[in-house]
$ cat input_11.txt   # compact mmCIF, C-alpha atoms and all ligand atoms
# COMPACT_ATOMS: atom_id res chain seq x y z
CA MET A 1201 -242.60 -37.67 242.23
CA LYS A 1202 -244.97 -36.98 239.33
CA ARG A 1203 -243.13 -37.13 236.04
CA VAL A 1204 -240.34 -39.58 235.30
CA CYS A 1205 -238.08 -40.00 232.27
CA ILE A 1206 -236.68 -43.46 231.41
CA VAL A 1207 -233.57 -43.29 229.24
CA GLY A 1208 -233.17 -46.63 227.45
CA ALA A 1209 -236.86 -47.48 227.87
CA SER A 1210 -237.10 -50.11 225.11
CA GLY A 1211 -234.63 -52.62 226.60
CA LYS A 1212 -235.63 -55.44 228.93
CA LEU A 1213 -234.81 -53.49 232.08
CA GLY A 1214 -236.33 -50.32 230.60
CA ARG A 1215 -239.68 -51.93 229.86
CA TYR A 1216 -239.94 -53.35 233.37
CA MET A 1217 -239.19 -49.87 234.71
CA VAL A 1218 -241.91 -48.37 232.51
CA GLN A 1219 -244.41 -50.86 233.96
CA HIS A 1220 -243.39 -50.19 237.59
CA ALA A 1221 -243.47 -46.42 237.03
CA LEU A 1222 -246.95 -46.59 235.48
CA ASP A 1223 -248.11 -48.83 238.35
CA ARG A 1224 -247.06 -46.05 240.73
CA GLY A 1225 -249.11 -43.52 238.81
CA TYR A 1226 -246.18 -41.56 237.41
CA GLU A 1227 -246.32 -39.78 234.06
CA VAL A 1228 -243.70 -41.57 231.98
CA VAL A 1229 -241.51 -40.24 229.17
CA GLY A 1230 -239.26 -42.82 227.49
CA VAL A 1231 -236.17 -42.33 225.33
CA CYS A 1232 -235.08 -45.08 222.95
CA ARG A 1233 -233.48 -45.50 219.55
CA ALA A 1234 -235.94 -44.71 216.74
CA LYS A 1235 -235.69 -48.27 215.42
CA SER A 1236 -236.74 -49.66 218.83
CA THR A 1237 -239.93 -47.66 219.46
CA GLY A 1238 -242.02 -50.69 218.40
CA LYS A 1239 -240.83 -52.50 221.53
CA LEU A 1240 -242.91 -50.00 223.52
CA ASP A 1241 -246.14 -50.54 221.56
CA ALA A 1242 -247.86 -52.12 224.57
CA PHE A 1243 -247.43 -48.85 226.51
CA MET A 1244 -247.96 -46.31 223.72
CA ASP A 1245 -251.31 -44.99 224.96
CA ARG A 1246 -249.96 -44.57 228.50
CA MET A 1247 -246.56 -42.93 227.95
CA THR A 1248 -244.73 -40.42 225.75
CA VAL A 1249 -241.84 -41.70 223.64
CA VAL A 1250 -239.02 -39.46 222.47
CA PRO A 1251 -237.12 -41.37 219.77
CA GLY A 1252 -233.38 -40.83 219.51
CA ALA A 1253 -229.94 -41.85 220.68
CA THR A 1254 -229.60 -41.66 224.45
CA ASP A 1255 -226.38 -39.64 224.12
CA ASP A 1256 -228.09 -37.02 221.94
CA ARG A 1257 -228.14 -33.93 224.15
CA GLU A 1258 -231.08 -32.31 222.37
CA VAL A 1259 -233.12 -35.51 222.86
CA ILE A 1260 -232.22 -35.74 226.56
CA ALA A 1261 -232.99 -32.04 227.18
CA ARG A 1262 -236.41 -32.43 225.57
CA ALA A 1263 -237.28 -35.73 227.25
CA THR A 1264 -236.23 -34.78 230.78
CA ALA A 1265 -237.84 -31.31 230.78
CA GLY A 1266 -240.22 -31.02 233.72
CA CYS A 1267 -239.23 -34.42 235.17
CA ASP A 1268 -238.81 -35.03 238.90
CA GLY A 1269 -236.80 -38.18 238.31
CA VAL A 1270 -234.68 -39.74 235.55
CA LEU A 1271 -233.92 -43.48 235.33
CA THR A 1272 -231.01 -44.22 232.99
CA VAL A 1273 -229.91 -47.62 231.67
CA LEU A 1274 -226.15 -47.37 231.19
CA VAL A 1275 -224.91 -49.84 228.58
CA PRO A 1276 -221.38 -50.13 227.21
CA TRP A 1277 -222.45 -50.90 223.62
CA GLY A 1278 -220.19 -49.66 220.86
CA VAL A 1279 -216.76 -48.13 221.23
CA HIS A 1280 -217.61 -44.45 220.87
CA GLY A 1281 -218.38 -43.45 224.44
CA TYR A 1282 -222.14 -44.08 224.28
CA ALA A 1283 -222.54 -44.65 228.04
CA THR A 1284 -220.36 -41.67 228.93
CA GLY A 1285 -222.23 -39.41 226.51
CA THR A 1286 -225.56 -40.63 227.88
CA ALA A 1287 -224.58 -40.06 231.52
CA GLN A 1288 -223.07 -36.65 230.79
CA ALA A 1289 -226.17 -35.49 228.92
CA VAL A 1290 -228.41 -36.53 231.83
CA LEU A 1291 -226.08 -34.93 234.40
CA ASP A 1292 -225.91 -31.67 232.43
CA LEU A 1293 -229.46 -31.34 231.19
CA ALA A 1294 -231.95 -32.97 233.60
CA PRO A 1295 -233.74 -30.43 235.83
CA PRO A 1296 -231.44 -29.42 238.73
CA ALA A 1297 -233.62 -30.90 241.50
CA ALA A 1298 -234.34 -34.18 239.71
CA ARG A 1299 -233.47 -37.53 241.31
CA LEU A 1300 -231.11 -39.37 238.98
CA VAL A 1301 -230.87 -43.17 239.13
CA PHE A 1302 -228.48 -45.10 236.87
CA SER A 1303 -228.07 -48.84 236.25
CA CYS A 1304 -224.83 -50.75 235.82
CA GLY A 1305 -223.16 -53.96 237.00
CA TRP A 1306 -221.11 -55.07 240.00
CA HIS A 1307 -217.90 -54.46 238.06
CA ILE A 1308 -218.23 -50.73 238.74
CA SER A 1309 -216.52 -49.78 242.01
CA ARG A 1310 -217.12 -46.42 243.60
CA ASP A 1311 -214.38 -46.44 246.21
CA GLY A 1312 -212.18 -49.45 245.37
CA GLN A 1313 -213.40 -51.29 248.49
CA ASP A 1314 -215.22 -54.04 246.57
CA ARG A 1315 -213.76 -57.57 246.83
CA TYR A 1316 -214.25 -59.58 243.66
CA SER A 1317 -213.79 -63.32 243.25
CA PRO A 1318 -211.08 -64.46 240.81
CA TRP A 1319 -213.85 -65.92 238.62
CA PHE A 1320 -215.66 -62.57 238.46
CA ARG A 1321 -212.45 -60.70 237.63
CA ALA A 1322 -211.57 -63.19 234.90
CA THR A 1323 -215.06 -63.04 233.36
CA VAL A 1324 -215.05 -59.24 233.22
CA ALA A 1325 -211.52 -59.21 231.78
CA VAL A 1326 -212.28 -61.77 229.07
CA PHE A 1327 -215.64 -60.24 228.13
CA GLY A 1328 -214.07 -56.78 228.09
CA ARG A 1329 -211.21 -57.79 225.78
CA VAL A 1330 -213.32 -59.85 223.38
CA ALA A 1331 -216.10 -57.25 223.17
CA ARG A 1332 -213.59 -54.47 222.51
CA TRP A 1333 -211.73 -56.53 219.95
CA LEU A 1334 -215.02 -57.18 218.12
CA ARG A 1335 -215.84 -53.47 218.58
CA LEU A 1336 -219.14 -54.50 220.18
CA ALA A 1337 -218.74 -52.92 223.60
CA ASP A 1338 -216.30 -51.03 225.79
CA ILE A 1339 -216.57 -51.72 229.52
CA ASP A 1340 -214.26 -48.79 230.25
CA ASP A 1341 -216.95 -46.53 228.80
CA GLN A 1342 -219.36 -47.58 231.56
CA VAL A 1343 -216.58 -47.12 234.13
CA ASP A 1344 -215.92 -43.59 232.86
CA ALA A 1345 -219.65 -42.81 232.84
CA CYS A 1346 -219.93 -43.81 236.50
CA ARG A 1347 -216.80 -41.86 237.48
CA ARG A 1348 -218.50 -38.74 236.14
CA ILE A 1349 -221.70 -39.51 238.04
CA PHE A 1350 -219.81 -40.08 241.32
CA ALA A 1351 -217.97 -36.76 240.87
CA SER A 1352 -221.11 -34.80 240.07
CA GLY A 1353 -222.97 -32.71 242.59
CA ARG A 1354 -226.29 -34.20 241.46
CA ARG A 1355 -228.74 -36.24 243.59
CA TRP A 1356 -227.63 -39.54 242.07
CA THR A 1357 -227.85 -43.25 242.85
CA VAL A 1358 -225.93 -45.86 240.82
CA VAL A 1359 -227.62 -49.26 241.18
CA ARG A 1360 -225.17 -52.11 240.58
CA GLY A 1361 -226.94 -55.22 239.33
CA SER A 1362 -225.78 -58.81 239.89
CA ASP A 1363 -226.22 -61.49 237.22
CA LEU A 1364 -229.80 -61.25 236.02
CA GLU A 1365 -232.52 -63.81 235.33
CA GLU A 1366 -236.10 -63.69 234.14
CA GLY A 1367 -239.01 -64.86 236.27
CA PRO A 1368 -241.82 -63.50 238.42
CA GLY A 1369 -240.95 -60.72 240.84
CA GLN A 1370 -239.90 -61.62 244.38
CA GLY A 1371 -240.01 -58.10 245.81
CA LEU A 1372 -237.48 -55.38 246.44
CA PRO A 1373 -233.89 -56.70 246.25
CA VAL A 1374 -231.58 -56.24 249.23
CA TRP A 1375 -228.27 -54.42 248.93
CA ALA A 1376 -224.80 -53.92 250.30
CA ARG A 1377 -222.27 -51.13 249.89
CA HIS A 1378 -219.56 -53.43 248.68
CA VAL A 1379 -219.28 -56.52 246.51
CA GLY A 1380 -217.73 -59.24 248.67
CA ASP A 1381 -220.36 -58.81 251.40
CA PRO A 1382 -221.74 -62.33 252.12
CA LEU A 1383 -225.26 -60.96 251.62
CA LEU A 1384 -224.51 -60.80 247.88
CA GLY A 1385 -223.00 -64.29 247.60
CA SER A 1386 -225.77 -65.73 245.40
CA ASN A 1387 -225.08 -63.15 242.64
CA ARG A 1388 -228.56 -63.40 241.15
CA THR A 1389 -231.48 -60.95 240.77
CA ARG A 1390 -234.70 -61.16 238.79
CA ARG A 1391 -234.59 -58.44 236.14
CA VAL A 1392 -238.11 -57.31 237.06
CA ASP A 1393 -236.91 -56.75 240.65
CA PHE A 1394 -233.82 -54.83 239.51
CA ALA A 1395 -236.27 -52.51 237.76
CA LEU A 1396 -238.35 -52.28 240.95
CA PHE A 1397 -235.26 -51.22 242.93
CA MET A 1398 -234.45 -48.54 240.34
CA VAL A 1399 -237.96 -47.08 240.48
CA ALA A 1400 -238.20 -47.31 244.28
CA ALA A 1401 -234.85 -45.49 244.58
CA LEU A 1402 -236.47 -42.38 243.09
CA GLU A 1403 -238.32 -41.81 246.35
CA ASP A 1404 -235.70 -43.17 248.75
CA ASP A 1405 -233.48 -40.30 249.87
CA SER A 1406 -231.30 -42.67 251.91
CA LEU A 1407 -229.91 -43.88 248.57
CA VAL A 1408 -228.77 -40.45 247.39
CA GLY A 1409 -225.00 -40.62 246.79
CA GLU A 1410 -224.95 -44.42 247.17
CA ALA A 1411 -223.91 -47.17 244.74
CA PRO A 1412 -225.89 -50.14 246.13
CA ALA A 1413 -224.89 -53.60 244.90
CA ILE A 1414 -228.12 -55.60 244.83
CA VAL A 1415 -229.19 -59.24 245.07
CA GLY A 1416 -232.59 -60.94 244.96
CA ARG A 1417 -234.32 -60.97 248.34
CA GLU A 1418 -235.21 -64.68 248.04
CA THR A 1419 -231.74 -65.88 247.04
CA PRO A 1420 -229.95 -68.24 249.46
CA SER A 1421 -227.39 -65.60 250.50
CA ALA A 1422 -230.08 -63.01 251.26
CA ARG A 1423 -232.13 -65.56 253.21
CA ALA A 1424 -229.06 -66.63 255.18
CA ALA A 1425 -228.30 -63.01 256.09
CA ARG A 1426 -231.90 -62.53 257.26
CA ALA A 1427 -231.77 -65.70 259.36
CA ALA A 1428 -228.45 -64.64 260.93
CA ALA A 1429 -229.90 -61.23 261.80
CA VAL A 1430 -232.91 -62.86 263.53
CA ASN A 1431 -230.62 -65.16 265.56
CA ASP A 1432 -228.37 -62.29 266.71
N1 LIG B 1501 -227.41 -58.62 231.59
C1 LIG B 1501 -226.91 -58.84 232.78
O1 LIG B 1501 -226.73 -60.00 233.24
C2 LIG B 1501 -226.57 -57.68 233.68
C3 LIG B 1501 -225.92 -57.94 234.89
C4 LIG B 1501 -225.66 -56.87 235.75
C5 LIG B 1501 -226.05 -55.58 235.42
N2 LIG B 1501 -226.66 -55.34 234.22
C6 LIG B 1501 -227.04 -53.96 233.90
O2 LIG B 1501 -228.44 -53.95 233.65
C7 LIG B 1501 -228.75 -52.93 232.71
C8 LIG B 1501 -229.63 -53.53 231.64
O3 LIG B 1501 -228.93 -54.57 231.01
P1 LIG B 1501 -229.65 -55.73 230.21
O4 LIG B 1501 -228.57 -56.71 229.85
O5 LIG B 1501 -230.83 -56.22 230.97
O6 LIG B 1501 -230.07 -55.05 228.87
P2 LIG B 1501 -231.41 -54.38 228.41
O7 LIG B 1501 -232.24 -53.99 229.54
O8 LIG B 1501 -232.04 -55.25 227.38
O9 LIG B 1501 -230.92 -53.03 227.73
C9 LIG B 1501 -230.09 -52.96 226.66
C10 LIG B 1501 -230.11 -51.51 226.22
O10 LIG B 1501 -229.03 -51.31 225.33
C11 LIG B 1501 -229.51 -50.73 224.13
N3 LIG B 1501 -228.68 -51.20 223.03
C12 LIG B 1501 -228.53 -52.46 222.58
N4 LIG B 1501 -227.66 -52.48 221.56
C13 LIG B 1501 -227.25 -51.21 221.40
C14 LIG B 1501 -226.34 -50.58 220.51
N5 LIG B 1501 -225.66 -51.26 219.59
N6 LIG B 1501 -226.16 -49.24 220.62
C15 LIG B 1501 -226.83 -48.54 221.54
N7 LIG B 1501 -227.71 -49.08 222.42
C16 LIG B 1501 -227.90 -50.39 222.34
C17 LIG B 1501 -230.93 -51.20 224.03
O11 LIG B 1501 -231.64 -50.34 223.21
P3 LIG B 1501 -232.64 -50.88 222.07
O12 LIG B 1501 -233.90 -51.29 222.76
O13 LIG B 1501 -232.76 -49.70 221.21
O14 LIG B 1501 -231.96 -52.07 221.39
C18 LIG B 1501 -231.38 -51.13 225.50
O15 LIG B 1501 -231.75 -49.82 225.87
C19 LIG B 1501 -227.41 -52.36 232.25
O16 LIG B 1501 -227.15 -51.17 232.94
C20 LIG B 1501 -226.40 -53.44 232.63
O17 LIG B 1501 -225.12 -52.89 232.90
C21 LIG B 1501 -226.94 -56.37 233.35
$ encode --input "input_11.txt" --output "structure tokens" --more "lines below"
Ligand SMILES: NC(=O)c1ccc[n+]([C@@H]2O[C@H](COP(=O)([O-])OP(=O)(O)OC[C@H]3O[C@@H](n4cnc5c(N)ncnc54)[C@H](OP(=O)(O)O)[C@@H]3O)[C@@H](O)[C@H]2O)c1
Amino acid sequence: MKRVCIVGASGKLGRYMVQHALDRGYEVVGVCRAKSTGKLDAFMDRMTVVPGATDDREVIARATAGCDGVLTVLVPWGVHGYATGTAQAVLDLAPPAARLVFSCGWHISRDGQDRYSPWFRATVAVFGRVARWLRLADIDDQVDACRRIFASGRRWTVVRGSDLEEGPGQGLPVWARHVGDPLLGSNRTRRVDFALFMVAALEDDSLVGEAPAIVGRETPSARAARAAAVND
């Protein structure tokens, strides 16, 4: 892995991913809205920024050219298919051999085998309805984006984040294939560690074609799973 493109580089997750990618010695190209380039000022001398909408196909073609990996932040903002357009552009235009890693939340289910708590279902339903009514966001857009990724023949990974918090890194999060696994019970990950998982996935071929649901490695549920494994 030499050259990596980060689509949505100016957001909180994006900036952590830029830092991790630079720490690994990768060449970094970032895509972000023109009005947000200032958020990347701290990295300007160490990365290339391509300003533009992340669903702009010309922008994505230019930014991903020559990249071995593409990290994409999928967000459901707006009600005009922004996430779907972003995912489709990356799927269509990134170099054929590139590793593609996308971010989303637990609410995305690849195979319908996830078991959600009533509270989680209610929160997603209420947020979804209110956000759509206010025309702020469309969760179905992120769902559609992921459906296209799952159906693609690309070397993809869709990383499903739990609730996020700020704070110093605790190391690589742990993961399960399905929400409902007791390992994930704490539903909490440091955002900086989510970013670490995304960047590490670029070089982890065991994650190709997987949609890992992640949780912080020092959360009570992850610790309990580790202790149970030791006692087995
Ligand atoms: N927040 C959570 O608790 C949570 C939980 C689970 C999973 N996730 C996942 O984690 C990832 C990052 O989420 P985050 O909450 O931490 O956000 P974030 O990293 O701050 O990223 C937000 C992104 O959305 C862009 N954006 C904001 N408003 C926009 C608009 N109106 N139109 C187009 N783009 C817009 C931002 O671009 P600019 O910099 O240009 O504004 C930025 O790239 C997402 O994939 C999300 O699904 C988040």
$ closest_residue --input "input_11.txt" --among "A:Lys1212, A:Arg1224, A:Arg1299, A:Arg1203" --to "Arg1390 in chain A" --atoms "all atoms listed in the file"
A:Lys1212
$ atom_distance --input "input_11.txt" --atom1 "CA of Val1399 in chain A" --atom2 "CA of Cys1205 in chain A"
10.8 Å
$ residues_around --input "input_11.txt" --residues "Ala1234 in chain A" --least-positions-apart "6" --cutoff "10 Å" --atoms "all atoms listed in the file" --output "VMD selection string"
chain A and resid 1249 to 1253
$ residues_near_ligand --input "input_11.txt" --ligand "ligand LIG 1501 (chain B)" --cutoff "7 Å" --atoms "all atoms listed in the file" --output "PyMOL selection string"
chain A and resi 1208-1214+1232-1233+1235-1236+1273-1275+1277-1278+1303-1306+1360-1364+1391
$ closest_residue --input "input_11.txt" --among "A:Asp1338, A:Asp1256, A:Asp1381, A:Asp1404" --to "Arg1315 in chain A" --atoms "only C-alpha atoms"
A:Asp1381
$ residues_around --input "input_11.txt" --residues "range 1243-1247 of chain A" --least-positions-apart "6" --cutoff "12 Å" --atoms "all atoms listed in the file" --output "count of residues only"
25
$ residues_around --input "input_11.txt" --residues "Arg1257 in chain A" --least-positions-apart "2" --cutoff "9 Å" --atoms "all atoms listed in the file" --output "JSON list (two decimals) with C-alpha atoms, in the frame of the given file"
[["chain", "number", "residue", "atom", "x", "y", "z"],
["A", 1253, "ALA", "CA", -229.94, -41.85, 220.68],
["A", 1254, "THR", "CA", -229.60, -41.66, 224.45],
["A", 1255, "ASP", "CA", -226.38, -39.64, 224.12],
["A", 1259, "VAL", "CA", -233.12, -35.51, 222.86],
["A", 1260, "ILE", "CA", -232.22, -35.74, 226.56],
["A", 1261, "ALA", "CA", -232.99, -32.04, 227.18],
["A", 1262, "ARG", "CA", -236.41, -32.43, 225.57],
["A", 1285, "GLY", "CA", -222.23, -39.41, 226.51],
["A", 1286, "THR", "CA", -225.56, -40.63, 227.88],
["A", 1288, "GLN", "CA", -223.07, -36.65, 230.79],
["A", 1289, "ALA", "CA", -226.17, -35.49, 228.92],
["A", 1290, "VAL", "CA", -228.41, -36.53, 231.83],
["A", 1292, "ASP", "CA", -225.91, -31.67, 232.43],
["A", 1293, "LEU", "CA", -229.46, -31.34, 231.19]]
$ atom_distance --input "input_11.txt" --atom1 "CA of Val1374 in chain A" --atom2 "CA of Arg1355 in chain A"
21.0 Å
$ closest_residue --input "input_11.txt" --among "A:Val1324, A:Arg1417, A:Arg1332, A:Met1201" --to "Ala1401 in chain A" --atoms "all atoms listed in the file"
A:Met1201
